[in-house]
file coords.cif (mmCIF, C-alpha atoms)
data_entry
loop_
_atom_site.label_atom_id
_atom_site.label_comp_id
_atom_site.auth_asym_id
_atom_site.auth_seq_id
_atom_site.Cartn_x
_atom_site.Cartn_y
_atom_site.Cartn_z
CA MET A 241 37.99 -65.03 -66.72
CA LYS A 242 36.28 -62.46 -64.54
CA ARG A 243 33.36 -63.48 -62.41
CA GLU A 244 30.15 -61.54 -62.65
CA ASN A 245 29.02 -59.86 -59.52
CA THR A 246 26.00 -58.03 -60.78
CA ILE A 247 23.16 -56.76 -58.65
CA GLU A 248 21.03 -59.53 -60.12
CA ASP A 249 23.49 -62.11 -58.86
CA LYS A 250 23.43 -60.62 -55.38
CA HIS A 251 19.68 -60.49 -55.48
CA LYS A 252 19.40 -64.11 -56.54
CA SER A 253 21.77 -65.27 -53.85
CA LYS A 254 19.76 -63.43 -51.23
CA ALA A 255 16.55 -64.90 -52.54
CA SER A 256 18.00 -68.38 -52.31
CA GLY A 257 18.80 -67.95 -48.68
CA THR A 258 22.50 -67.23 -48.68
CA TYR A 259 22.13 -63.79 -47.16
CA GLN A 260 23.33 -65.25 -43.90
CA ASN A 261 26.40 -66.67 -45.56
CA GLU A 262 27.17 -63.38 -47.20
CA LEU A 263 27.03 -61.70 -43.86
CA TYR A 264 29.11 -64.40 -42.25
CA GLN A 265 31.69 -64.07 -44.98
CA LEU A 266 31.71 -60.33 -44.48
CA LEU A 267 32.41 -60.88 -40.81
CA TYR A 268 35.03 -63.45 -41.57
CA LYS A 269 36.61 -61.16 -44.08
CA LYS A 270 36.80 -58.47 -41.41
CA LYS A 271 38.55 -60.82 -39.03
CA THR A 272 41.03 -62.26 -41.46
CA ASN A 273 41.58 -59.23 -43.65
CA TYR A 274 40.73 -60.90 -46.92
CA ALA A 275 39.68 -57.54 -48.31
CA GLY A 276 36.70 -57.76 -50.61
CA ARG A 277 37.20 -61.43 -51.43
CA GLY A 278 35.06 -63.24 -48.93
CA MET A 279 32.08 -64.09 -51.09
CA GLY A 280 33.69 -65.10 -54.38
CA LEU A 281 34.41 -68.77 -53.90
CA GLU A 282 31.33 -69.55 -51.83
CA ASP A 283 29.10 -67.82 -54.32
CA ASP A 284 30.73 -69.67 -57.22
CA LEU A 285 30.27 -72.99 -55.45
CA ASN A 286 26.66 -72.30 -54.53
CA LYS A 287 25.92 -71.39 -58.14
CA SER A 288 27.75 -74.48 -59.40
CA ASN A 289 25.80 -76.70 -57.00
CA GLU A 290 22.58 -75.08 -58.15
CA TYR A 291 23.58 -75.88 -61.73
CA TYR A 292 24.38 -79.50 -60.85
CA ARG A 293 20.97 -79.82 -59.22
CA GLN A 294 19.18 -78.35 -62.20
CA MET A 295 21.02 -80.78 -64.45
CA GLU A 296 20.07 -83.59 -62.03
CA LEU A 297 23.73 -84.50 -61.73
CA ALA A 298 24.41 -84.03 -58.04
CA TYR A 299 22.72 -82.82 -54.89
CA ILE A 300 25.33 -80.98 -52.91
CA TYR A 301 24.50 -78.20 -50.46
CA LYS A 302 26.32 -75.83 -48.19
CA LYS A 303 25.32 -76.49 -44.61
CA PRO A 304 23.91 -73.54 -42.68
CA THR A 305 26.30 -72.03 -40.15
CA PRO A 306 25.53 -73.42 -36.69
CA ILE A 307 24.18 -70.82 -34.33
CA LYS A 308 23.81 -70.82 -30.57
CA LEU A 309 20.50 -69.31 -29.58
CA VAL A 310 20.36 -67.23 -26.41
CA LYS A 311 17.13 -65.22 -26.57
CA VAL A 312 14.13 -66.04 -28.69
CA ASP A 313 10.73 -64.33 -28.92
CA TYR A 314 8.04 -66.95 -29.41
CA PRO A 315 4.98 -66.05 -31.41
CA SER A 316 2.11 -64.88 -29.26
CA LYS A 317 -1.56 -64.75 -30.14
CA GLN A 318 -1.93 -61.27 -28.64
CA ASN A 319 0.23 -59.40 -31.10
CA HIS A 320 -0.45 -61.66 -34.11
CA ILE A 321 3.24 -62.23 -34.74
CA THR A 322 3.68 -65.58 -36.39
CA ALA A 323 7.45 -65.72 -36.98
CA VAL A 324 9.75 -66.72 -34.14
CA LYS A 325 12.20 -63.86 -33.65
CA ILE A 326 15.76 -64.59 -32.59
CA LYS A 327 16.89 -61.72 -30.37
CA GLU A 328 20.30 -62.93 -29.28
CA ALA A 329 22.47 -65.60 -30.86
CA TYR A 330 26.11 -66.32 -31.69
CA PHE A 331 27.90 -68.16 -34.45
CA GLU A 332 29.36 -71.50 -33.47
CA SER A 333 32.28 -73.29 -35.07
CA PRO A 334 31.09 -76.12 -37.32
CA SER A 335 31.88 -79.75 -36.43
CA THR A 336 31.86 -80.86 -40.06
CA THR A 337 32.90 -79.41 -43.38
CA ASP A 338 30.62 -76.87 -45.02
CA TYR A 339 29.57 -78.84 -48.09
CA ASN A 340 28.23 -82.33 -48.53
CA GLY A 341 25.90 -84.31 -50.71
CA ILE A 342 25.60 -87.01 -53.32
CA TYR A 343 27.03 -87.43 -56.81
CA HIS A 344 26.39 -90.59 -58.85
CA GLY A 345 25.57 -92.48 -55.69
CA LYS A 346 28.81 -91.38 -54.05
CA TYR A 347 29.04 -89.41 -50.82
CA ILE A 348 30.82 -86.08 -51.43
CA ASP A 349 32.21 -83.92 -48.64
CA PHE A 350 34.44 -80.88 -48.80
CA GLU A 351 35.60 -77.65 -47.27
CA ALA A 352 36.26 -74.55 -49.38
CA LYS A 353 38.57 -71.68 -48.50
CA GLU A 354 40.15 -68.64 -50.08
CA THR A 355 43.50 -67.05 -49.44
CA LYS A 356 45.05 -63.85 -50.72
CA LEU A 357 48.51 -65.25 -50.23
CA LYS A 358 50.44 -66.28 -53.33
CA THR A 359 52.81 -68.91 -52.05
CA SER A 360 50.89 -70.91 -49.46
CA PHE A 361 47.56 -71.74 -47.87
CA PRO A 362 47.56 -71.35 -44.05
CA LEU A 363 46.17 -74.44 -42.35
CA ASP A 364 44.64 -72.48 -39.50
CA ASN A 365 41.89 -71.65 -42.00
CA ILE A 366 40.47 -75.09 -41.28
CA HIS A 367 39.18 -76.17 -37.88
CA PRO A 368 40.89 -79.30 -36.48
CA HIS A 369 37.51 -81.08 -36.19
CA GLN A 370 36.87 -80.36 -39.85
CA LEU A 371 40.12 -82.16 -40.67
CA THR A 372 39.10 -85.06 -38.43
CA HIS A 373 35.74 -85.15 -40.17
CA LEU A 374 37.39 -85.29 -43.62
CA LYS A 375 39.62 -88.13 -42.44
CA ASN A 376 36.65 -90.04 -41.02
CA ILE A 377 34.46 -89.80 -44.09
CA THR A 378 37.37 -90.78 -46.33
CA LYS A 379 38.01 -93.89 -44.24
CA CYS A 380 34.29 -94.64 -44.48
CA GLY A 381 34.42 -94.63 -48.31
CA GLY A 382 33.37 -91.06 -49.00
CA ILE A 383 35.02 -88.66 -51.43
CA GLY A 384 36.54 -85.90 -49.32
CA PHE A 385 38.54 -82.94 -50.52
CA LEU A 386 39.50 -79.34 -50.05
CA ILE A 387 38.84 -76.56 -52.53
CA VAL A 388 41.29 -73.68 -52.18
CA ARG A 389 41.22 -70.47 -54.14
CA PHE A 390 44.35 -68.40 -54.38
CA SER A 391 42.37 -65.25 -55.05
CA THR A 392 45.31 -63.02 -55.96
CA LEU A 393 46.49 -65.60 -58.47
CA GLU A 394 42.91 -66.23 -59.62
CA GLU A 395 43.46 -69.97 -59.38
CA THR A 396 41.27 -72.56 -57.68
CA PHE A 397 42.45 -76.05 -56.78
CA LEU A 398 40.89 -79.26 -55.60
CA LEU A 399 43.10 -81.26 -53.24
CA MET A 400 41.98 -84.74 -52.27
CA ALA A 401 41.78 -85.41 -48.53
CA ASN A 402 44.41 -88.17 -48.72
CA ASP A 403 46.90 -85.80 -50.33
CA LEU A 404 46.05 -83.17 -47.75
CA PHE A 405 46.76 -85.62 -44.92
CA ASP A 406 49.95 -86.89 -46.59
CA TYR A 407 51.18 -83.32 -46.55
CA ILE A 408 50.09 -82.57 -42.99
CA GLU A 409 51.63 -85.79 -41.68
CA SER A 410 54.94 -85.48 -43.49
CA LYS A 411 55.57 -81.80 -42.89
CA SER A 412 55.37 -79.87 -39.69
CA ARG A 413 54.49 -76.62 -41.44
CA LYS A 414 51.45 -74.60 -40.64
CA SER A 415 50.59 -74.03 -44.26
CA ILE A 416 50.41 -75.93 -47.54
CA SER A 417 52.73 -74.55 -50.19
CA TYR A 418 51.30 -73.39 -53.51
CA SER A 419 53.72 -75.74 -55.24
CA TYR A 420 52.08 -78.69 -53.47
CA PHE A 421 48.75 -77.67 -55.01
CA LEU A 422 50.46 -77.57 -58.41
CA LYS A 423 51.95 -81.01 -57.80
CA LYS A 424 49.14 -82.91 -56.11
CA GLY A 425 46.06 -80.72 -56.58
CA TYR A 426 43.80 -80.34 -59.61
CA LYS A 427 43.21 -76.91 -61.04
CA ILE A 428 39.49 -76.22 -61.44
CA GLU A 429 38.65 -74.38 -64.64
CA GLU A 430 36.18 -71.50 -64.43
CA SER A 431 33.36 -71.32 -66.92
CA ILE A 432 29.84 -69.98 -67.13
CA PHE A 433 27.82 -73.14 -66.43
CA PRO A 434 28.88 -74.28 -63.96
CA ARG A 435 31.20 -71.62 -62.67
CA LEU A 436 33.52 -74.15 -61.08
CA ASP A 437 33.18 -77.63 -62.53
CA TYR A 438 34.78 -79.45 -59.63
CA LEU A 439 32.80 -82.62 -60.27
CA LYS A 440 34.65 -83.00 -63.57
CA ILE A 441 37.78 -83.44 -61.48
CA VAL A 442 36.02 -85.88 -59.18
CA ASP A 443 35.14 -87.86 -62.34
CA GLN A 444 38.78 -87.83 -63.39
CA ILE A 445 39.89 -89.09 -59.99
CA ILE A 446 37.20 -91.77 -59.65
CA GLY A 447 37.78 -92.82 -63.24
CA GLY A 448 41.51 -93.03 -62.71
CA ALA A 449 41.22 -95.01 -59.50
CA MET B 215 23.84 -109.40 -45.44
CA LYS B 216 25.55 -109.03 -42.10
CA ARG B 217 27.63 -105.99 -41.30
CA GLU B 218 31.27 -107.04 -41.02
CA ASN B 219 31.59 -104.83 -37.99
CA THR B 220 28.51 -105.18 -35.90
CA ILE B 221 27.80 -102.53 -33.34
CA GLU B 222 28.41 -105.09 -30.61
CA ASP B 223 31.88 -105.86 -32.01
CA LYS B 224 32.83 -102.23 -32.26
CA HIS B 225 31.52 -101.69 -28.81
CA LYS B 226 33.64 -104.48 -27.35
CA SER B 227 36.74 -103.42 -29.23
CA LYS B 228 36.79 -99.97 -27.73
CA ALA B 229 39.37 -99.87 -24.96
CA SER B 230 37.74 -96.96 -23.24
CA GLY B 231 34.42 -98.79 -23.31
CA THR B 232 33.72 -99.12 -19.62
CA TYR B 233 33.82 -95.45 -18.83
CA GLN B 234 31.79 -94.62 -21.91
CA ASN B 235 29.16 -97.16 -20.96
CA GLU B 236 28.78 -95.67 -17.55
CA LEU B 237 28.41 -92.25 -19.03
CA TYR B 238 25.88 -93.44 -21.55
CA GLN B 239 23.86 -95.23 -18.92
CA LEU B 240 23.84 -92.12 -16.81
CA LEU B 241 22.55 -90.11 -19.75
CA TYR B 242 19.95 -92.76 -20.35
CA LYS B 243 18.58 -92.96 -16.86
CA LYS B 244 18.11 -89.23 -16.97
CA LYS B 245 16.46 -89.05 -20.31
CA THR B 246 14.45 -92.15 -21.05
CA ASN B 247 11.35 -91.01 -19.26
CA TYR B 248 9.29 -90.26 -22.29
CA ALA B 249 7.04 -87.79 -20.57
CA GLY B 250 6.73 -84.46 -22.37
CA ARG B 251 9.23 -85.33 -25.04
CA GLY B 252 9.16 -82.57 -27.59
CA MET B 253 12.87 -83.05 -28.20
CA GLY B 254 12.69 -86.81 -27.72
CA LEU B 255 13.24 -88.10 -31.23
CA GLU B 256 15.80 -85.50 -32.20
CA ASP B 257 17.72 -86.12 -29.01
CA ASP B 258 17.60 -89.89 -29.51
CA LEU B 259 18.84 -89.54 -33.08
CA ASN B 260 21.64 -87.16 -32.13
CA LYS B 261 22.76 -89.55 -29.41
CA SER B 262 22.54 -92.51 -31.79
CA ASN B 263 24.59 -90.65 -34.41
CA GLU B 264 27.15 -89.77 -31.75
CA TYR B 265 27.34 -93.44 -30.86
CA TYR B 266 27.78 -94.45 -34.51
CA ARG B 267 30.62 -91.92 -34.81
CA GLN B 268 32.35 -93.16 -31.70
CA MET B 269 32.10 -96.70 -33.01
CA GLU B 270 33.45 -95.45 -36.35
CA LEU B 271 30.46 -96.92 -38.15
CA ALA B 272 28.82 -93.89 -39.72
CA TYR B 273 29.17 -90.13 -39.90
CA ILE B 274 25.69 -88.71 -39.92
CA TYR B 275 24.84 -85.27 -38.62
CA LYS B 276 21.81 -83.10 -38.18
CA LYS B 277 22.13 -79.97 -40.28
CA PRO B 278 21.83 -76.67 -38.45
CA THR B 279 18.53 -74.87 -39.01
CA PRO B 280 18.95 -72.20 -41.67
CA ILE B 281 18.55 -68.70 -40.29
CA LYS B 282 17.96 -65.39 -41.99
CA LEU B 283 20.03 -62.67 -40.38
CA VAL B 284 18.62 -59.18 -40.09
CA LYS B 285 20.71 -57.32 -37.52
CA VAL B 286 24.23 -58.22 -36.42
CA ASP B 287 26.61 -56.50 -34.04
CA TYR B 288 30.06 -56.57 -35.55
CA PRO B 289 33.06 -57.02 -33.30
CA SER B 290 34.67 -53.70 -32.52
CA LYS B 291 38.09 -53.00 -31.11
CA GLN B 292 36.75 -50.24 -28.89
CA ASN B 293 34.67 -52.37 -26.59
CA HIS B 294 36.87 -55.52 -26.81
CA ILE B 295 33.95 -57.68 -27.86
CA THR B 296 35.22 -60.53 -29.97
CA ALA B 297 32.07 -62.55 -30.58
CA VAL B 298 29.73 -61.47 -33.35
CA LYS B 299 26.31 -60.96 -31.82
CA ILE B 300 23.17 -61.70 -33.80
CA LYS B 301 20.50 -59.23 -32.70
CA GLU B 302 17.69 -60.06 -35.07
CA ALA B 303 17.18 -63.20 -37.11
CA TYR B 304 14.44 -65.57 -38.22
CA PHE B 305 14.25 -69.27 -38.89
CA GLU B 306 14.01 -70.24 -42.54
CA SER B 307 12.46 -73.37 -43.96
CA PRO B 308 15.14 -75.89 -44.92
CA SER B 309 15.63 -76.88 -48.56
CA THR B 310 16.88 -80.34 -47.68
CA THR B 311 16.14 -82.93 -45.04
CA ASP B 312 17.61 -82.46 -41.58
CA TYR B 313 19.99 -85.42 -41.46
CA ASN B 314 22.60 -86.66 -43.89
CA GLY B 315 25.93 -88.39 -43.93
CA ILE B 316 27.80 -91.53 -44.84
CA TYR B 317 27.46 -95.16 -43.76
CA HIS B 318 29.71 -97.87 -45.26
CA GLY B 319 30.43 -95.67 -48.25
CA LYS B 320 26.72 -95.05 -48.86
CA TYR B 321 25.04 -91.68 -48.86
CA ILE B 322 22.34 -91.54 -46.18
CA ASP B 323 19.65 -88.87 -46.05
CA PHE B 324 16.53 -88.64 -43.94
CA GLU B 325 13.94 -86.53 -42.24
CA ALA B 326 12.66 -87.29 -38.74
CA LYS B 327 9.32 -86.28 -37.29
CA GLU B 328 7.12 -86.97 -34.30
CA THR B 329 3.39 -87.04 -34.04
CA LYS B 330 1.09 -87.40 -31.06
CA LEU B 331 -1.62 -88.86 -33.27
CA LYS B 332 -2.29 -92.57 -33.00
CA THR B 333 -3.73 -93.43 -36.39
CA SER B 334 -1.84 -91.36 -38.93
CA PHE B 335 1.11 -89.12 -39.66
CA PRO B 336 0.10 -85.77 -41.25
CA LEU B 337 2.12 -85.05 -44.38
CA ASP B 338 2.15 -81.31 -43.80
CA ASN B 339 4.86 -82.06 -41.23
CA ILE B 340 7.26 -82.30 -44.17
CA HIS B 341 8.04 -79.39 -46.49
CA PRO B 342 7.37 -80.10 -50.18
CA HIS B 343 11.01 -79.29 -51.07
CA GLN B 344 12.13 -81.84 -48.49
CA LEU B 345 10.07 -84.45 -50.32
CA THR B 346 11.58 -83.34 -53.63
CA HIS B 347 15.02 -83.58 -52.09
CA LEU B 348 14.36 -87.14 -50.86
CA LYS B 349 13.16 -88.09 -54.34
CA ASN B 350 16.23 -86.55 -55.96
CA ILE B 351 18.80 -88.20 -53.74
CA THR B 352 17.04 -91.57 -54.11
CA LYS B 353 17.16 -91.28 -57.91
CA CYS B 354 20.85 -90.39 -57.56
CA GLY B 355 21.58 -93.64 -55.70
CA GLY B 356 21.35 -92.42 -52.13
CA ILE B 357 19.52 -94.13 -49.28
CA GLY B 358 16.65 -91.86 -48.35
CA PHE B 359 14.00 -92.43 -45.72
CA LEU B 360 11.69 -90.97 -43.16
CA ILE B 361 11.80 -91.70 -39.44
CA VAL B 362 8.45 -91.17 -37.76
CA ARG B 363 7.76 -91.53 -34.08
CA PHE B 364 4.22 -92.04 -32.90
CA SER B 365 5.01 -90.63 -29.49
CA THR B 366 1.72 -91.59 -27.83
CA LEU B 367 2.14 -95.16 -29.02
CA GLU B 368 5.87 -95.09 -28.16
CA GLU B 369 6.71 -96.55 -31.55
CA THR B 370 9.26 -95.34 -34.08
CA PHE B 371 9.29 -96.39 -37.73
CA LEU B 372 11.64 -96.09 -40.65
CA LEU B 373 9.87 -95.72 -44.01
CA MET B 374 11.96 -95.88 -47.15
CA ALA B 375 11.56 -92.94 -49.53
CA ASN B 376 10.25 -95.18 -52.32
CA ASP B 377 7.48 -96.52 -50.11
CA LEU B 378 6.71 -92.99 -49.00
CA PHE B 379 6.33 -91.86 -52.62
CA ASP B 380 4.33 -94.95 -53.56
CA TYR B 381 1.86 -93.96 -50.87
CA ILE B 382 1.77 -90.28 -51.77
CA GLU B 383 1.28 -91.03 -55.46
CA SER B 384 -1.40 -93.67 -55.02
CA LYS B 385 -3.47 -91.95 -52.37
CA SER B 386 -4.75 -88.42 -52.30
CA ARG B 387 -4.77 -88.27 -48.51
CA LYS B 388 -2.95 -85.65 -46.52
CA SER B 389 -1.58 -88.14 -44.06
CA ILE B 390 0.02 -91.58 -43.98
CA SER B 391 -1.98 -94.10 -42.02
CA TYR B 392 -0.39 -95.88 -39.08
CA SER B 393 -1.31 -99.16 -40.74
CA TYR B 394 0.87 -98.25 -43.73
CA PHE B 395 3.84 -97.88 -41.38
CA LEU B 396 3.02 -101.33 -39.98
CA LYS B 397 2.82 -102.74 -43.49
CA LYS B 398 5.69 -101.03 -45.30
CA GLY B 399 7.75 -99.42 -42.56
CA TYR B 400 10.30 -100.98 -40.24
CA LYS B 401 9.88 -100.60 -36.51
CA ILE B 402 13.06 -99.29 -34.90
CA GLU B 403 13.81 -100.96 -31.62
CA GLU B 404 14.91 -98.75 -28.76
CA SER B 405 17.95 -99.81 -26.79
CA ILE B 406 20.75 -98.33 -24.76
CA PHE B 407 23.54 -98.20 -27.36
CA PRO B 408 22.47 -96.75 -29.66
CA ARG B 409 19.10 -95.48 -28.57
CA LEU B 410 17.60 -95.99 -32.02
CA ASP B 411 19.54 -98.44 -34.15
CA TYR B 412 18.11 -97.30 -37.46
CA LEU B 413 21.23 -98.36 -39.36
CA LYS B 414 20.45 -101.97 -38.46
CA ILE B 415 17.31 -101.54 -40.55
CA VAL B 416 19.29 -99.93 -43.35
CA ASP B 417 21.50 -103.06 -43.29
CA GLN B 418 18.44 -105.27 -43.56
CA ILE B 419 17.13 -103.30 -46.53
CA ILE B 420 20.45 -103.08 -48.36
CA GLY B 421 21.04 -106.76 -47.71
CA GLY B 422 17.60 -107.71 -48.93
CA ALA B 423 17.88 -105.62 -52.11
#
call {"tool": "encode", "arguments": {"input": "coords.cif", "output": "structure tokens"}}
result
Amino acid sequence: MKRENTIEDKHKSKASGTYQNELYQLLYKKKTNYAGRGMGLEDDLNKSNEYYRQMELAYIYKKPTPIKLVKVDYPSKQNHITAVKIKEAYFESPSTTDYNGIYHGKYIDFEAKETKLKTSFPLDNIHPHQLTHLKNITKCGGIGFLIVRFSTLEETFLLMANDLFDYIESKSRKSISYSYFLKKGYKIEESIFPRLDYLKIVDQIIGGA
Amino acid sequence: MKRENTIEDKHKSKASGTYQNELYQLLYKKKTNYAGRGMGLEDDLNKSNEYYRQMELAYIYKKPTPIKLVKVDYPSKQNHITAVKIKEAYFESPSTTDYNGIYHGKYIDFEAKETKLKTSFPLDNIHPHQLTHLKNITKCGGIGFLIVRFSTLEETFLLMANDLFDYIESKSRKSISYSYFLKKGYKIEESIFPRLDYLKIVDQIIGGA
């Protein structure tokens, strides 16, 4: 199924404060050469989370990108400017995963990434401290996972943190093979509401535990 | 209910403890003069959360402030600049509380504020959507609360979300009286490790439930 990327969608996402993320993804896309694909997964997840919130099912948010401020213009009474203007700042690498929240009383935490590759997902897409974070929250009783979209294949998988670490610890490869996602991951079906029903898979896993 | 792993136990069990203690004490001596403490509470909470992480007790982080980007300098190959420079941006109001994470498998979520007032805490310190968020996560089974420091009085309280909403719904006032914090809140003791042991209070509340 094709995702909609209408002007309305873009407009809505800007209105809900993800303009920054769009820009960040654009930048990221430039760096990693994921031509034209940066926004897809993030947008789908934000929309899905919005849907979950409206349905009062889960409260999961994408964390804002951390930024290091260098120069800031404080509001002054003389020129009647009320908003603080950031004049120089830089993106920082996050110390946690991008998404976290609560679902049925359970702590949920995940990182989401896209790759254009068809046979594997390169692990350098994830910061080492994000992996450490996933390990920590899993040990602490949280539900941690990775969502990976193989954009060329138009397939999105959920891989539980434990399976991710099993792979990392048993293999010395710098990427996770597509076949491992087929074997240990859960394919997330795309629909209209929500776009990516990843919590259905969480249900399956919790239910099966 | 007692925590199986008290902070003291964790502290003792850390092999690298001595050096860490020295470092912590150094940080303390420098920063526990509460004069002019605009950053006081936030700094204390960040340090406490860092301590909880080191002790492997809880993984709670402050979310970065959301920012709306307006102008960004993209990296260009010509001038060998690799860092993306933000040239114009503005702070946005957050849609959730500032702090969330996991403690003993439980979802934790709170907002922290300081006031110089001695008799009440003005409610306009908290965004309405932050209150909605606290209500939502509480209904969903999360542990939501407010941490308020009366900086002039040098007292810090934890007020559970339910008690906060009881107050808001029964009174039409625009502030919460100090006496309500004395009655329904829990005073957080200040110490060296961690600076503000608010999870000790969470233990008390969970245990007493």
call {"tool": "resolve_selection", "arguments": {"input": "coords.cif", "expression": "the PyMOL selection byres ((chain A) within 6 of (chain B))", "output": "list of chain:residue names"}}
result
A:Gln260, A:Pro304, A:Pro306, A:Lys325, A:Ile326, A:Lys327, A:Glu328, A:Ala329, A:Tyr330, A:His344, A:Gly345, A:Tyr347, A:Cys380, A:Gly381, A:Gly382
call {"tool": "axis_aligned_box", "arguments": {"input": "coords.cif", "around": "segment 329-342 of chain B", "padding_each_side": "8 Å", "output": "lines of an AutoDock Vina configuration file"}}
result
center_x = 2.2
center_y = -86.4
center_z = -40.6
size_x = 27.8
size_y = 30.0
size_z = 35.1
call {"tool": "closest_residue", "arguments": {"input": "coords.cif", "among": "A:Thr337, A:Val388, A:Glu395, A:Lys411", "to": "His369 of chain A", "atoms": "all atoms listed in the file"}}
result
A:Thr337
call {"tool": "residues_around", "arguments": {"input": "coords.cif", "residues": "segment 422-438 of chain A", "least_positions_apart": "2", "cutoff": "12 Å", "atoms": "only C-alpha atoms", "output": "VMD selection string"}}
result
chain A and resid 241 to 244 280 to 295 297 to 298 300 343 348 350 352 359 to 360 385 to 390 394 to 407 416 to 420 440 to 445
call {"tool": "atom_distance", "arguments": {"input": "coords.cif", "atom1": "atom CA of Ile408 of chain A", "atom2": "atom CA of Thr372 of chain A"}}
result
12.2 Å
call {"tool": "atom_distance", "arguments": {"input": "coords.cif", "atom1": "atom CA of Ser415 of chain A", "atom2": "atom CA of Leu371 of chain A"}}
result
13.7 Å
call {"tool": "closest_residue", "arguments": {"input": "coords.cif", "among": "A:Ser391, A:Glu409, A:Gly447, A:Leu374", "to": "Phe361 of chain A", "atoms": "all atoms listed in the file"}}
result
A:Ser391
call {"tool": "atom_distance", "arguments": {"input": "coords.cif", "atom1": "atom CA of Leu331 of chain B", "atom2": "atom CA of Thr366 of chain B"}}
result
6.9 Å
call {"tool": "closest_residue", "arguments": {"input": "coords.cif", "among": "A:Ile366, A:Leu393, A:Ile446, A:Leu439", "to": "Lys414 of chain A", "atoms": "all atoms listed in the file"}}
result
A:Ile366
call {"tool": "build_atoms", "arguments": {"input": "coords.cif", "residues": "segment 412-417 of chain A", "atoms": "all heavy atoms", "output": "JSON list (two decimals), keeping the file's coordinate frame"}}
result
[["chain", "number", "residue", "atom", "x", "y", "z"],
["A", 412, "SER", "N", 55.87, -80.45, -40.93],
["A", 412, "SER", "CA", 55.37, -79.87, -39.69],
["A", 412, "SER", "C", 54.96, -78.40, -39.89],
["A", 412, "SER", "O", 54.75, -77.68, -38.94],
["A", 412, "SER", "CB", 56.43, -79.99, -38.60],
["A", 412, "SER", "OG", 57.63, -79.44, -39.06],
["A", 413, "ARG", "N", 54.85, -78.01, -41.14],
["A", 413, "ARG", "CA", 54.49, -76.62, -41.44],
["A", 413, "ARG", "C", 53.04, -76.30, -41.13],
["A", 413, "ARG", "O", 52.20, -77.19, -41.11],
["A", 413, "ARG", "CB", 54.75, -76.33, -42.92],
["A", 413, "ARG", "CG", 56.22, -76.16, -43.20],
["A", 413, "ARG", "CD", 56.41, -75.86, -44.66],
["A", 413, "ARG", "NE", 57.60, -76.52, -45.16],
["A", 413, "ARG", "CZ", 57.79, -76.84, -46.42],
["A", 413, "ARG", "NH1", 56.88, -76.54, -47.33],
["A", 413, "ARG", "NH2", 58.90, -77.43, -46.80],
["A", 414, "LYS", "N", 52.81, -75.03, -40.96],
["A", 414, "LYS", "CA", 51.45, -74.60, -40.64],
["A", 414, "LYS", "C", 50.68, -74.15, -41.88],
["A", 414, "LYS", "O", 49.60, -73.58, -41.79],
["A", 414, "LYS", "CB", 51.49, -73.47, -39.60],
["A", 414, "LYS", "CG", 51.85, -74.00, -38.23],
["A", 414, "LYS", "CD", 52.00, -72.91, -37.22],
["A", 414, "LYS", "CE", 52.28, -73.50, -35.84],
["A", 414, "LYS", "NZ", 52.63, -72.44, -34.88],
["A", 415, "SER", "N", 51.29, -74.38, -43.02],
["A", 415, "SER", "CA", 50.59, -74.03, -44.26],
["A", 415, "SER", "C", 50.98, -75.01, -45.36],
["A", 415, "SER", "O", 51.99, -75.70, -45.27],
["A", 415, "SER", "CB", 50.94, -72.60, -44.67],
["A", 415, "SER", "OG", 52.32, -72.50, -44.90],
["A", 416, "ILE", "N", 50.13, -75.06, -46.40],
["A", 416, "ILE", "CA", 50.41, -75.93, -47.54],
["A", 416, "ILE", "C", 50.94, -75.05, -48.65],
["A", 416, "ILE", "O", 50.30, -74.05, -49.02],
["A", 416, "ILE", "CB", 49.14, -76.66, -48.03],
["A", 416, "ILE", "CG1", 48.49, -77.42, -46.88],
["A", 416, "ILE", "CG2", 49.47, -77.60, -49.18],
["A", 416, "ILE", "CD1", 47.14, -78.04, -47.24],
["A", 417, "SER", "N", 52.11, -75.40, -49.17],
["A", 417, "SER", "CA", 52.73, -74.55, -50.19],
["A", 417, "SER", "C", 51.93, -74.60, -51.50],
["A", 417, "SER", "O", 51.32, -75.61, -51.84],
["A", 417, "SER", "CB", 54.16, -75.00, -50.45],
["A", 417, "SER", "OG", 54.15, -76.29, -51.02]]
